[in-house]
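K.L.:
My file is data_32.csv. It has CSV, C-alpha atoms:
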chain,number,residue,atom,x,y,z
A,1,MET,CA,-19.0,-4.8,17.7
A,2,GLN,CA,-16.0,-3.9,19.9
A,3,SER,CA,-14.1,-2.5,16.9
A,4,LEU,CA,-17.0,-0.3,16.0
A,5,LYS,CA,-17.1,1.1,19.5
A,6,LYS,CA,-13.4,1.9,19.5
A,7,GLU,CA,-13.6,3.6,16.1
A,8,ALA,CA,-16.6,5.6,17.4
A,9,PHE,CA,-14.6,7.0,20.3
A,10,GLN,CA,-11.5,7.7,18.1
A,11,LYS,CA,-13.5,9.7,15.6
A,12,PRO,CA,-16.1,11.6,17.5
A,13,GLU,CA,-18.8,13.1,15.4
A,14,ALA,CA,-20.4,16.5,16.0
A,15,LEU,CA,-24.0,15.2,16.0
A,16,HIS,CA,-25.3,18.7,16.8
A,17,LYS,CA,-24.1,19.8,13.4
A,18,ASN,CA,-26.1,17.1,11.7
A,19,SER,CA,-29.2,19.2,10.7
A,20,ARG,CA,-31.3,16.2,9.6
A,21,LEU,CA,-30.6,14.3,12.8
A,22,MET,CA,-31.5,17.4,14.8
A,23,GLN,CA,-34.7,17.7,12.9
A,24,LEU,CA,-35.7,14.1,13.6
A,25,LEU,CA,-34.7,14.2,17.3
A,26,GLY,CA,-36.4,17.6,17.7
A,27,SER,CA,-39.6,16.3,16.3
A,28,LYS,CA,-39.4,13.3,18.5
A,29,PHE,CA,-38.8,15.4,21.5
A,30,VAL,CA,-41.9,17.5,20.8
A,31,SER,CA,-43.9,14.3,20.4
A,32,PHE,CA,-42.4,12.8,23.5
A,33,LEU,CA,-43.4,15.9,25.5
A,34,GLY,CA,-47.0,15.7,24.3
A,35,ASP,CA,-47.1,11.9,24.9
A,36,GLN,CA,-46.2,12.4,28.6
A,37,ILE,CA,-49.1,14.7,29.1
A,38,TYR,CA,-51.4,12.3,27.3
A,39,LEU,CA,-50.2,9.4,29.5
A,40,LEU,CA,-51.1,11.3,32.6
A,41,ALA,CA,-54.4,12.7,31.2
A,42,LEU,CA,-55.9,9.5,29.7
A,43,PRO,CA,-56.0,7.4,33.0
A,44,LEU,CA,-57.4,10.4,34.8
A,45,ILE,CA,-60.2,10.7,32.2
A,46,VAL,CA,-61.0,7.0,32.4
A,47,LEU,CA,-61.0,7.2,36.2
A,48,GLN,CA,-63.2,10.3,36.1
A,49,ILE,CA,-65.8,8.7,33.8
A,50,THR,CA,-65.8,5.1,35.2
A,51,GLY,CA,-64.0,5.2,38.6
A,52,SER,CA,-62.8,1.7,37.9
A,53,ALA,CA,-59.3,0.1,38.0
A,54,VAL,CA,-60.6,-2.6,35.7
A,55,ALA,CA,-61.7,0.0,33.1
A,56,MET,CA,-58.2,1.6,33.3
A,57,GLY,CA,-56.7,-1.8,32.7
A,58,THR,CA,-59.1,-2.4,29.8
A,59,ILE,CA,-58.2,0.8,28.1
A,60,ALA,CA,-54.5,0.1,28.6
A,61,ALA,CA,-55.0,-3.3,27.0
A,62,VAL,CA,-57.0,-2.0,24.0
A,63,GLU,CA,-54.2,0.6,23.3
A,64,ARG,CA,-51.7,-2.3,23.1
A,65,ILE,CA,-53.7,-4.5,20.8
A,66,PRO,CA,-52.0,-3.1,17.7
A,67,VAL,CA,-48.7,-4.7,18.9
A,68,PHE,CA,-50.1,-7.9,17.3
A,69,PHE,CA,-49.8,-6.1,13.9
A,70,GLN,CA,-46.3,-4.8,14.5
A,71,PRO,CA,-44.9,-7.0,11.6
A,72,ILE,CA,-47.3,-5.3,9.2
A,73,ALA,CA,-46.1,-1.9,10.4
A,74,GLY,CA,-42.5,-3.0,9.8
A,75,TRP,CA,-43.3,-4.2,6.4
A,76,MET,CA,-44.9,-0.9,5.5
A,77,ALA,CA,-41.8,0.9,6.8
A,78,ASP,CA,-39.6,-1.2,4.5
A,79,THR,CA,-41.9,-0.8,1.5
A,80,PHE,CA,-43.3,2.7,1.5
A,81,ASN,CA,-41.7,6.2,1.9
A,82,ARG,CA,-40.7,6.4,5.5
A,83,LYS,CA,-41.0,10.1,5.7
A,84,LYS,CA,-44.5,10.1,4.4
A,85,ILE,CA,-45.4,7.4,7.0
A,86,LEU,CA,-44.1,9.7,9.8
A,87,CYS,CA,-46.1,12.7,8.4
A,88,ILE,CA,-49.3,10.8,7.9
A,89,SER,CA,-49.2,9.2,11.3
A,90,ASP,CA,-48.5,12.5,13.1
A,91,LEU,CA,-51.4,14.3,11.3
A,92,SER,CA,-53.8,11.4,12.0
A,93,ARG,CA,-52.9,11.2,15.7
A,94,GLY,CA,-53.3,15.0,16.0
A,95,GLY,CA,-56.7,15.0,14.4
A,96,LEU,CA,-57.9,12.0,16.5
A,97,LEU,CA,-56.9,13.7,19.8
A,98,VAL,CA,-58.6,17.0,18.7
A,99,PHE,CA,-61.8,15.0,18.1
A,100,LEU,CA,-61.6,13.3,21.5
A,101,SER,CA,-60.9,16.6,23.2
A,102,ILE,CA,-64.0,18.1,21.7
A,103,LEU,CA,-66.1,15.2,22.9
A,104,TYR,CA,-64.7,15.7,26.4
A,105,GLN,CA,-65.4,19.4,26.4
A,106,THR,CA,-69.0,18.8,25.3
A,107,ASN,CA,-69.5,16.1,27.9
A,108,THR,CA,-70.2,13.5,25.3
A,109,LEU,CA,-67.1,11.4,25.7
A,110,GLY,CA,-67.9,7.9,26.6
A,111,PHE,CA,-65.9,4.8,27.5
A,112,TRP,CA,-66.2,3.3,24.0
A,113,HIS,CA,-65.0,6.6,22.4
A,114,ILE,CA,-61.9,6.3,24.6
A,115,ALA,CA,-61.4,2.6,23.7
A,116,ALA,CA,-61.7,3.2,19.9
A,117,GLY,CA,-59.4,6.2,20.2
A,118,ALA,CA,-56.8,4.3,22.2
A,119,LEU,CA,-56.9,1.5,19.6
A,120,MET,CA,-56.3,3.9,16.7
A,121,MET,CA,-53.6,5.7,18.7
A,122,GLY,CA,-51.9,2.4,19.3
A,123,TRP,CA,-51.8,1.5,15.7
A,124,LEU,CA,-50.6,4.9,14.4
A,125,THR,CA,-47.9,4.9,17.1
A,126,GLN,CA,-46.6,1.5,16.1
A,127,LEU,CA,-46.4,2.6,12.5
A,128,HIS,CA,-44.6,5.8,13.4
A,129,ASN,CA,-42.1,4.0,15.6
A,130,ALA,CA,-41.3,1.5,12.9
A,131,ALA,CA,-40.6,4.2,10.3
A,132,GLY,CA,-38.6,6.4,12.8
A,133,PHE,CA,-36.4,3.5,13.8
A,134,ALA,CA,-35.6,2.7,10.1
A,135,VAL,CA,-34.9,6.4,9.3
A,136,LEU,CA,-32.3,7.0,12.0
A,137,PRO,CA,-29.5,4.9,10.6
A,138,HIS,CA,-29.7,6.9,7.3
A,139,LEU,CA,-28.9,10.1,9.2
A,140,VAL,CA,-25.7,9.1,11.0
A,141,SER,CA,-22.7,6.8,10.3
A,142,LYS,CA,-23.1,3.2,11.6
A,143,GLU,CA,-20.2,3.7,14.1
A,144,HIS,CA,-22.2,6.5,15.8
A,145,LEU,CA,-25.6,4.8,16.1
A,146,HIS,CA,-25.3,4.3,19.8
A,147,ARG,CA,-24.5,8.0,20.4
A,148,ALA,CA,-27.5,9.0,18.3
A,149,ASN,CA,-29.8,6.5,20.1
A,150,ALA,CA,-28.5,7.7,23.5
A,151,TRP,CA,-29.4,11.3,22.5
A,152,ASP,CA,-32.8,10.1,21.5
A,153,GLU,CA,-33.3,8.4,24.8
A,154,GLY,CA,-32.0,11.4,26.6
A,155,LEU,CA,-34.5,13.7,24.9
A,156,PHE,CA,-37.3,11.2,25.7
A,157,GLN,CA,-36.3,11.4,29.4
A,158,THR,CA,-36.1,15.1,29.3
A,159,ALA,CA,-39.7,15.1,28.1
A,160,ILE,CA,-40.5,12.9,31.1
A,161,ILE,CA,-39.1,15.7,33.3
A,162,ILE,CA,-41.1,18.5,31.7
A,163,GLY,CA,-44.2,16.8,30.4
A,164,PRO,CA,-45.8,15.2,33.5
A,165,ALA,CA,-45.1,18.3,35.8
A,166,LEU,CA,-46.5,20.6,33.2
A,167,GLY,CA,-49.5,18.3,32.4
A,168,GLY,CA,-50.2,17.8,36.1
A,169,LEU,CA,-50.3,21.5,36.8
A,170,LEU,CA,-52.5,22.3,33.8
A,171,ILE,CA,-54.9,19.4,34.5
A,172,SER,CA,-55.1,20.6,38.2
A,173,ILE,CA,-56.2,24.1,37.2
A,174,THR,CA,-58.3,23.1,34.1
A,175,ALA,CA,-59.4,19.5,33.2
A,176,PRO,CA,-57.9,16.2,31.9
A,177,GLY,CA,-59.2,17.0,28.4
A,178,ILE,CA,-56.7,19.7,28.1
A,179,GLY,CA,-54.0,17.0,28.1
A,180,LEU,CA,-55.5,15.5,24.9
A,181,LEU,CA,-55.5,18.9,23.2
A,182,LEU,CA,-51.9,19.6,24.1
A,183,ASN,CA,-50.7,16.2,22.7
A,184,ALA,CA,-52.7,17.0,19.5
A,185,ILE,CA,-50.8,20.2,19.1
A,186,SER,CA,-47.5,18.4,19.6
A,187,PHE,CA,-48.3,16.0,16.7
A,188,PHE,CA,-49.1,19.0,14.4
A,189,LEU,CA,-45.7,20.5,15.3
A,190,THR,CA,-43.8,17.3,14.6
A,191,PHE,CA,-45.6,17.0,11.3
A,192,SER,CA,-44.3,20.4,10.3
A,193,ILE,CA,-40.7,19.5,11.3
A,194,ILE,CA,-40.7,16.1,9.5
A,195,TYR,CA,-42.3,17.6,6.4
A,196,ASN,CA,-39.3,19.9,5.9
A,197,MET,CA,-36.7,17.2,6.6
A,198,LYS,CA,-34.8,15.8,3.6
A,199,VAL,CA,-34.6,12.0,3.7
A,200,GLU,CA,-33.5,9.8,0.8
A,201,HIS,CA,-35.8,6.9,0.2
A,202,LYS,CA,-35.2,3.9,-2.0
A,203,ASN,CA,-38.1,1.6,-2.7
A,204,LYS,CA,-37.2,-1.8,-1.4
A,205,VAL,CA,-40.3,-3.4,-3.0
A,206,THR,CA,-42.1,-2.6,-6.3
A,207,LEU,CA,-45.7,-3.3,-5.6
A,208,LEU,CA,-46.9,-2.9,-9.2
A,209,ALA,CA,-44.5,-5.7,-10.3
A,210,ARG,CA,-46.1,-8.3,-8.2
A,211,ASN,CA,-48.3,-11.0,-9.6
A,212,THR,CA,-49.1,-12.6,-6.3
A,213,PHE,CA,-49.1,-9.8,-3.7
A,214,PHE,CA,-50.1,-11.9,-0.7
A,215,ARG,CA,-47.5,-14.6,-1.4
A,216,THR,CA,-44.7,-11.9,-1.6
A,217,PHE,CA,-46.1,-10.1,1.4
A,218,THR,CA,-46.0,-13.1,3.6
A,219,SER,CA,-42.6,-14.1,2.3
A,220,GLU,CA,-41.2,-10.7,3.3
A,221,LEU,CA,-42.8,-10.9,6.7
A,222,ARG,CA,-41.1,-14.3,7.2
A,223,GLU,CA,-37.8,-12.8,6.2
A,224,GLY,CA,-38.0,-10.4,9.1
A,225,PHE,CA,-39.0,-13.2,11.5
A,226,LYS,CA,-36.2,-15.4,10.2
A,227,HIS,CA,-33.5,-12.8,10.7
A,228,VAL,CA,-34.6,-12.2,14.3
A,229,PHE,CA,-34.7,-15.9,15.2
A,230,ASN,CA,-31.3,-16.6,13.5
A,231,THR,CA,-29.6,-13.7,15.0
A,232,LYS,CA,-29.4,-15.0,18.6
A,233,ILE,CA,-28.3,-11.9,20.3
A,234,ILE,CA,-31.5,-10.2,19.0
A,235,TRP,CA,-33.6,-13.2,19.7
A,236,TYR,CA,-32.6,-13.7,23.4
A,237,THR,CA,-32.7,-10.0,24.2
A,238,ASN,CA,-36.2,-9.9,22.7
A,239,LEU,CA,-37.2,-12.7,25.0
A,240,ALA,CA,-35.8,-10.9,28.0
A,241,LEU,CA,-37.6,-7.7,27.1
A,242,MET,CA,-40.9,-9.6,26.5
A,243,ILE,CA,-40.9,-11.0,30.0
A,244,SER,CA,-39.6,-7.8,31.6
A,245,THR,CA,-42.1,-5.7,29.8
A,246,PHE,CA,-44.9,-7.9,31.0
A,247,GLY,CA,-43.9,-7.1,34.6
A,248,THR,CA,-43.4,-3.4,34.1
A,249,THR,CA,-46.7,-3.1,32.3
A,250,MET,CA,-48.5,-4.5,35.3
A,251,PHE,CA,-46.8,-1.7,37.3
A,252,LEU,CA,-47.4,1.1,34.7
A,253,THR,CA,-51.1,0.2,34.2
A,254,LEU,CA,-51.8,0.8,37.9
A,255,LEU,CA,-49.2,3.5,38.7
A,256,ILE,CA,-51.6,6.5,38.4
A,257,PHE,CA,-54.4,4.6,40.2
A,258,HIS,CA,-52.0,3.6,43.0
A,259,LEU,CA,-50.6,7.1,43.5
A,260,LYS,CA,-54.0,8.9,43.3
A,261,ASP,CA,-56.5,6.5,45.0
A,262,ILE,CA,-54.2,4.6,47.4
A,263,LEU,CA,-51.5,7.1,48.4
A,264,ARG,CA,-53.9,10.1,47.9
A,265,LEU,CA,-51.5,12.2,45.9
A,266,THR,CA,-52.7,15.1,43.9
A,267,PRO,CA,-52.3,15.3,40.1
A,268,THR,CA,-49.6,18.0,40.6
A,269,GLU,CA,-47.7,15.7,43.0
A,270,ILE,CA,-48.0,12.8,40.6
A,271,GLY,CA,-46.6,14.9,37.8
A,272,VAL,CA,-43.7,16.0,39.9
A,273,ILE,CA,-42.9,12.4,40.8
A,274,LEU,CA,-42.8,11.3,37.2
A,275,SER,CA,-40.8,14.4,36.3
A,276,LEU,CA,-38.2,13.8,39.0
A,277,GLY,CA,-37.5,10.4,37.6
A,278,GLY,CA,-36.6,12.0,34.3
A,279,PHE,CA,-33.4,13.6,35.8
A,280,MET,CA,-31.9,10.3,36.6
A,281,ALA,CA,-33.2,8.9,33.3
A,282,ILE,CA,-31.3,11.5,31.3
A,283,ALA,CA,-28.1,10.6,33.2
A,284,GLY,CA,-28.8,6.9,32.5
A,285,ALA,CA,-29.3,7.5,28.8
A,286,LEU,CA,-26.2,9.6,28.4
A,287,VAL,CA,-24.0,7.5,30.7
A,288,THR,CA,-24.4,4.4,28.5
A,289,ASN,CA,-21.9,6.0,26.1
A,290,ARG,CA,-19.2,5.9,28.8
A,291,LEU,CA,-20.3,2.6,30.3
A,292,SER,CA,-20.1,0.9,26.8
A,293,ARG,CA,-16.4,1.9,26.7
A,294,THR,CA,-15.7,-0.3,29.7
A,295,PHE,CA,-18.5,-2.8,29.9
A,296,LYS,CA,-20.3,-5.0,27.3
A,297,TYR,CA,-23.9,-4.4,26.5
A,298,GLN,CA,-24.7,-7.7,28.2
A,299,THR,CA,-23.4,-6.4,31.5
A,300,ILE,CA,-25.2,-3.1,31.3
A,301,LEU,CA,-28.5,-4.8,30.3
A,302,MET,CA,-28.3,-7.4,33.1
A,303,ILE,CA,-27.7,-4.8,35.8
A,304,ALA,CA,-30.4,-2.5,34.4
A,305,HIS,CA,-33.1,-5.3,34.3
A,306,LEU,CA,-32.4,-6.4,37.9
A,307,MET,CA,-32.3,-2.8,39.2
A,308,GLY,CA,-35.5,-1.9,37.4
A,309,GLY,CA,-37.4,-4.9,38.9
A,310,VAL,CA,-36.2,-4.1,42.4
A,311,SER,CA,-37.2,-0.5,42.1
A,312,VAL,CA,-40.8,-1.4,41.1
A,313,ILE,CA,-41.0,-3.6,44.3
A,314,GLY,CA,-39.6,-0.7,46.3
A,315,LEU,CA,-42.2,1.7,44.9
A,316,ALA,CA,-45.0,-0.6,45.8
A,317,VAL,CA,-44.1,-0.7,49.5
A,318,SER,CA,-43.3,3.0,49.7
A,319,SER,CA,-45.8,5.3,51.4
A,320,THR,CA,-44.2,8.7,51.3
A,321,PHE,CA,-43.8,11.2,48.5
A,322,LEU,CA,-40.0,11.2,48.7
A,323,ALA,CA,-39.7,7.3,48.8
A,324,VAL,CA,-42.0,6.9,45.8
A,325,ALA,CA,-40.1,9.6,43.8
A,326,LEU,CA,-36.8,7.9,44.6
A,327,MET,CA,-38.0,4.4,43.5
A,328,ASN,CA,-39.5,5.8,40.3
A,329,ALA,CA,-36.3,7.6,39.5
A,330,ILE,CA,-34.2,4.4,39.9
A,331,GLY,CA,-36.7,2.5,37.7
A,332,VAL,CA,-36.6,5.1,34.9
A,333,LEU,CA,-32.8,5.2,35.1
A,334,ALA,CA,-32.7,1.5,34.5
A,335,ALA,CA,-35.1,1.7,31.5
A,336,SER,CA,-33.1,4.5,30.0
A,337,MET,CA,-29.9,2.4,30.2
A,338,ILE,CA,-31.6,-0.5,28.4
A,339,ASN,CA,-33.2,1.3,25.4
A,340,PRO,CA,-30.1,2.7,23.6
A,341,CYS,CA,-28.3,-0.6,24.0
A,342,ILE,CA,-31.1,-2.6,22.6
A,343,ARG,CA,-31.7,-0.3,19.6
A,344,THR,CA,-28.0,-0.2,18.8
A,345,ILE,CA,-27.8,-4.0,18.9
A,346,ARG,CA,-30.7,-4.4,16.5
A,347,GLN,CA,-29.5,-1.7,14.1
A,348,THR,CA,-25.9,-3.0,14.1
A,349,HIS,CA,-26.9,-6.6,13.4
A,350,THR,CA,-29.6,-5.9,10.7
A,351,PRO,CA,-29.2,-5.0,7.0
A,352,ASP,CA,-30.9,-1.8,5.9
A,353,HIS,CA,-33.6,-3.5,3.8
A,354,LEU,CA,-34.8,-5.4,6.9
A,355,LEU,CA,-34.6,-2.6,9.5
A,356,GLY,CA,-38.3,-1.9,9.6
A,357,ARG,CA,-39.3,-5.5,9.7
A,358,VAL,CA,-36.7,-6.5,12.3
A,359,GLN,CA,-37.6,-3.6,14.6
A,360,ALA,CA,-41.3,-4.3,14.2
A,361,THR,CA,-40.9,-8.0,14.8
A,362,SER,CA,-38.7,-7.4,17.8
A,363,ARG,CA,-41.2,-4.9,19.3
A,364,TRP,CA,-44.0,-7.4,18.4
A,365,MET,CA,-42.2,-10.0,20.5
A,366,THR,CA,-41.5,-7.6,23.3
A,367,TRP,CA,-45.1,-6.3,23.5
A,368,LEU,CA,-46.9,-9.5,22.6
A,369,LEU,CA,-48.2,-10.0,26.1
A,370,LEU,CA,-48.9,-6.4,27.0
A,371,PRO,CA,-52.8,-6.7,26.6
A,372,VAL,CA,-52.8,-9.7,28.8
A,373,SER,CA,-50.5,-7.9,31.3
A,374,ALA,CA,-52.7,-4.8,31.4
A,375,MET,CA,-55.9,-6.8,31.9
A,376,LEU,CA,-54.4,-9.1,34.5
A,377,SER,CA,-53.1,-6.1,36.5
A,378,GLY,CA,-56.6,-4.6,36.6
A,379,TYR,CA,-58.1,-7.9,37.7
A,380,LEU,CA,-55.5,-8.7,40.3
A,381,ALA,CA,-55.8,-5.2,41.8
A,382,SER,CA,-59.5,-5.6,42.1
A,383,VAL,CA,-59.2,-9.0,43.9
A,384,THR,CA,-56.1,-8.2,46.0
A,385,SER,CA,-54.5,-4.8,46.0
A,386,SER,CA,-52.6,-2.5,43.7
A,387,GLU,CA,-49.6,-2.9,46.0
A,388,MET,CA,-49.5,-6.7,45.7
A,389,THR,CA,-50.0,-6.5,41.9
A,390,ILE,CA,-47.1,-4.1,41.5
A,391,ILE,CA,-44.8,-6.2,43.6
A,392,PHE,CA,-45.7,-9.2,41.5
A,393,GLY,CA,-44.9,-7.3,38.3
A,394,GLY,CA,-41.6,-6.1,39.8
A,395,ALA,CA,-40.5,-9.6,40.7
A,396,ILE,CA,-41.2,-10.8,37.1
A,397,THR,CA,-39.1,-7.9,35.7
A,398,ALA,CA,-36.1,-8.6,38.1
A,399,THR,CA,-35.8,-12.3,37.1
A,400,THR,CA,-35.1,-11.5,33.5
A,401,PHE,CA,-31.4,-10.7,34.3
A,402,ILE,CA,-30.9,-14.5,33.9
A,403,PHE,CA,-31.2,-14.2,30.1
A,404,TYR,CA,-28.0,-12.1,30.0
A,405,LEU,CA,-26.0,-15.0,31.3
A,406,LEU,CA,-26.6,-17.0,28.1
A,407,PRO,CA,-23.5,-17.4,25.9
A,408,ALA,CA,-25.1,-15.8,22.8
A,409,VAL,CA,-25.9,-12.6,24.8
A,410,ARG,CA,-22.6,-12.4,26.6
A,411,LYS,CA,-21.0,-11.6,23.3
A,412,ALA,CA,-22.8,-8.3,23.1
Would you kindly transcribe this structure into structure tokens?
P.N.:
Amino acid sequence: MQSLKKEAFQKPEALHKNSRLMQLLGSKFVSFLGDQIYLLALPLIVLQITGSAVAMGTIAAVERIPVFFQPIAGWMADTFNRKKILCISDLSRGGLLVFLSILYQTNTLGFWHIAAGALMMGWLTQLHNAAGFAVLPHLVSKEHLHRANAWDEGLFQTAIIIGPALGGLLISITAPGIGLLLNAISFFLTFSIIYNMKVEHKNKVTLLARNTFFRTFTSELREGFKHVFNTKIIWYTNLALMISTFGTTMFLTLLIFHLKDILRLTPTEIGVILSLGGFMAIAGALVTNRLSRTFKYQTILMIAHLMGGVSVIGLAVSSTFLAVALMNAIGVLAASMINPCIRTIRQTHTPDHLLGRVQATSRWMTWLLLPVSAMLSGYLASVTSSEMTIIFGGAITATTFIFYLLPAVRKA
């Protein structure tokens, strides 16, 4: 790992001249931008229709149910044409959001429409993520994976800056349903970009040659699980992320509710707070390149997990616009430091034919408890308060730094 890092800095690669990488990252940026507007619009729509924190938690949980089928998404990414998977998932998500937007505009959108749509969006997103993760290593040299992942994270955080502020402004002067339509447009744009991108694909599995499809299918799923378990650096970082994500999901599920109904902030103010966090997040994503020259991934990840948990607790006890914005900025900074390191670790320690399954299995582990976390956060908020629930989630996240003291992870 260290030799790869040294070589990467000795032979810098002009990533901006890599047209295929720029197409992929450009499409993801457009999608990220739409997603940020969607993440602001959907809770507001649920709150408008139901006025219930429990309903918001239920929708958040439903959207995360597809994480249980992540291994299937990974198997599909390793079996079928990854470019086609990206295109189909983008078209499907765009069409689904157009349909929900029409229902909203005609005042026929109900809670169960939102639940069904969230479930479908969750599955299509998992499928898209598995294929996108497996495509990226084909576009850059292995030595420069971390730089490409850092760029990816940086663009994601740039979308966090622009998306919520733009979405909050538009929603304030129109209606939350406009957020759904804007996200649909972003998916149609990403489809057009990916469709014109040239990506080589080698079939890893020949379906027609199988005599026992189910037996081979389950065998291939086990192969992905086995690699994750046997590669301890992936296994333990997955466990840390699983627990950390449980805590942050409790926070994220109630964030909009807490800011709007408890602190009485306007949609525009909420959008600005989320956007301000993106500035620090971009710095965090890009600074990991420099940090990785001096520090091991283990050190970066340990500090980031601890810092992220403390920032969530700080946000819960904050009562002013500036204090909330600062705590949110620190939390997003921590998350943006974690993601490029984790992706690079998985890609570096996984052979190509297992990339989709290992990523999907890892995300399955990481997000396994998300539905429980989302439902629990809504329930705890209803019997205690959103503040106490967010503090509890932040405490859980902060404790996961302990995993990075394990010998297998300290090698990272």
K.L.:
When you draw a straight line from CA of Ser373 (chain A) to CA of Ile391 (chain A), how long is it in Å?
P.N.:
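CA of Ile391 (chain A) lies 13.7 Å from CA of Ser373 (chain A).
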K.L.:
CA of Leu252 (chain A) and CA of Ile178 (chain A) are how many Å apart?
P.N.:
21.8 Å
K.L.:
Contacts of Gly26 (chain A) at 10 Å or less, counting all atoms listed in the file, minus same-chain residues fewer than 2 places along, as a PDB file with C-alpha atoms, keeping the file's coordinate frame?
P.N.:
ATOM      1  CA  ARG A  20     -31.300  16.200   9.600  1.00  0.00           C
ATOM      2  CA  LEU A  21     -30.600  14.300  12.800  1.00  0.00           C
ATOM      3  CA  MET A  22     -31.500  17.400  14.800  1.00  0.00           C
ATOM      4  CA  GLN A  23     -34.700  17.700  12.900  1.00  0.00           C
ATOM      5  CA  LEU A  24     -35.700  14.100  13.600  1.00  0.00           C
ATOM      6  CA  LYS A  28     -39.400  13.300  18.500  1.00  0.00           C
ATOM      7  CA  PHE A  29     -38.800  15.400  21.500  1.00  0.00           C
ATOM      8  CA  VAL A  30     -41.900  17.500  20.800  1.00  0.00           C
ATOM      9  CA  SER A  31     -43.900  14.300  20.400  1.00  0.00           C
ATOM     10  CA  PHE A  32     -42.400  12.800  23.500  1.00  0.00           C
ATOM     11  CA  ASP A 152     -32.800  10.100  21.500  1.00  0.00           C
ATOM     12  CA  LEU A 155     -34.500  13.700  24.900  1.00  0.00           C
ATOM     13  CA  THR A 190     -43.800  17.300  14.600  1.00  0.00           C
ATOM     14  CA  ILE A 193     -40.700  19.500  11.300  1.00  0.00           C
ATOM     15  CA  ILE A 194     -40.700  16.100   9.500  1.00  0.00           C
TER      16      ILE A 194
END
K.L.:
For a cut-off of 10 Å around (-53.1, -6.8, 39.9), file coordinates, pick out all residues using all atoms listed in the file and list them as a list in words.
P.N.:
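So the residues meeting the distance criterion are Ala53, Val54, Gly57, Met250, Phe251, Thr253, Leu254, Ser373, Ala374, Met375, Leu376, Ser377, Gly378, Tyr379, Leu380, Ala381, Ser382, Val383, Thr384, Ser385, Ser386, Glu387, Met388, Thr389, Ile390, Ile391, Phe392 and Gly393 of chain A.
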K.L.:
Using only C-alpha atoms, which of A:Trp112, A:Phe191, A:Phe401, A:Phe295 sits nearest Val46 (chain A)?
P.N.:
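Ranking A:Trp112, A:Phe191, A:Phe401, A:Phe295 by distance to Val46 (chain A), first place goes to A:Trp112.
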K.L.:
Let me make sure I understand: among A:Val287, A:Leu259, A:Ile243, A:Cys341, which one has the smallest atom-to-atom distance to Thr400 (chain A) if we use only C-alpha atoms?
P.N.:
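Closest to Thr400 (chain A), using only C-alpha atoms: A:Ile243.
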K.L.:
For Gly356 (chain A), which residue among A:Ile45, A:Leu306, A:Ile171, A:Leu221 is the nearest when counting all atoms listed in the file?
P.N.:
A:Leu221
K.L.:
For Tyr404 (chain A), which residue among A:Ser336, A:Asn328, A:Ser318, A:Asn238 is the nearest when counting all atoms listed in the file?
P.N.:
A:Asn238
K.L.:
Find the distance between CA of Pro66 (chain A) and CA of Trp123 (chain A) and write it in Å to one decimal.
P.N.:
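Straight-line distance from CA of Pro66 (chain A) to CA of Trp123 (chain A) works out to 5.0 Å.
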K.L.:
Pick the closest to Ser27 (chain A) from A:Leu239, A:Met302, A:Cys87, A:Leu40: which is it, counting all atoms listed in the file?
P.N.:
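Nearest to Ser27 (chain A): A:Cys87.
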K.L.:
Here is a test: counting only C-alpha atoms, which residue of A:Ile282, A:Ala134, A:Leu189, A:Leu47 is nearest to Ala159 (chain A)?
P.N.:
A:Ile282
K.L.:
Place a sphere of radius 6 Å on (-35.6, -0.9, 37.9) in the file coordinates and name every protein, DNA or RNA residue with an atom inside or on its surface, counting all atoms listed in the file; give the answer as a PyMOL selection string.
P.N.:
chain A and resi 307-311+330-331+334
K.L.:
Quick one: residues within 10 Å of Gly177 (chain A), only C-alpha atoms, excluding same-chain residues fewer than 4 positions away - as a PyMOL selection string?
P.N.:
chain A and resi 38+41-42+44-45+97-98+100-105+171+181-182
K.L.:
Take the selection from the previous step and output its residues with C-alpha atoms, as a short mmCIF file (atom, residue, chain, number, x, y, z; two decimals), keeping the file's coordinate frame.
P.N.:
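Printed below is result.cif as written:
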data_model
loop_
_atom_site.label_atom_id
_atom_site.label_comp_id
_atom_site.auth_asym_id
_atom_site.auth_seq_id
_atom_site.Cartn_x
_atom_site.Cartn_y
_atom_site.Cartn_z
CA TYR A 38 -51.40 12.30 27.30
CA ALA A 41 -54.40 12.70 31.20
CA LEU A 42 -55.90 9.50 29.70
CA LEU A 44 -57.40 10.40 34.80
CA ILE A 45 -60.20 10.70 32.20
CA LEU A 97 -56.90 13.70 19.80
CA VAL A 98 -58.60 17.00 18.70
CA LEU A 100 -61.60 13.30 21.50
CA SER A 101 -60.90 16.60 23.20
CA ILE A 102 -64.00 18.10 21.70
CA LEU A 103 -66.10 15.20 22.90
CA TYR A 104 -64.70 15.70 26.40
CA GLN A 105 -65.40 19.40 26.40
CA ILE A 171 -54.90 19.40 34.50
CA LEU A 181 -55.50 18.90 23.20
CA LEU A 182 -51.90 19.60 24.10
#
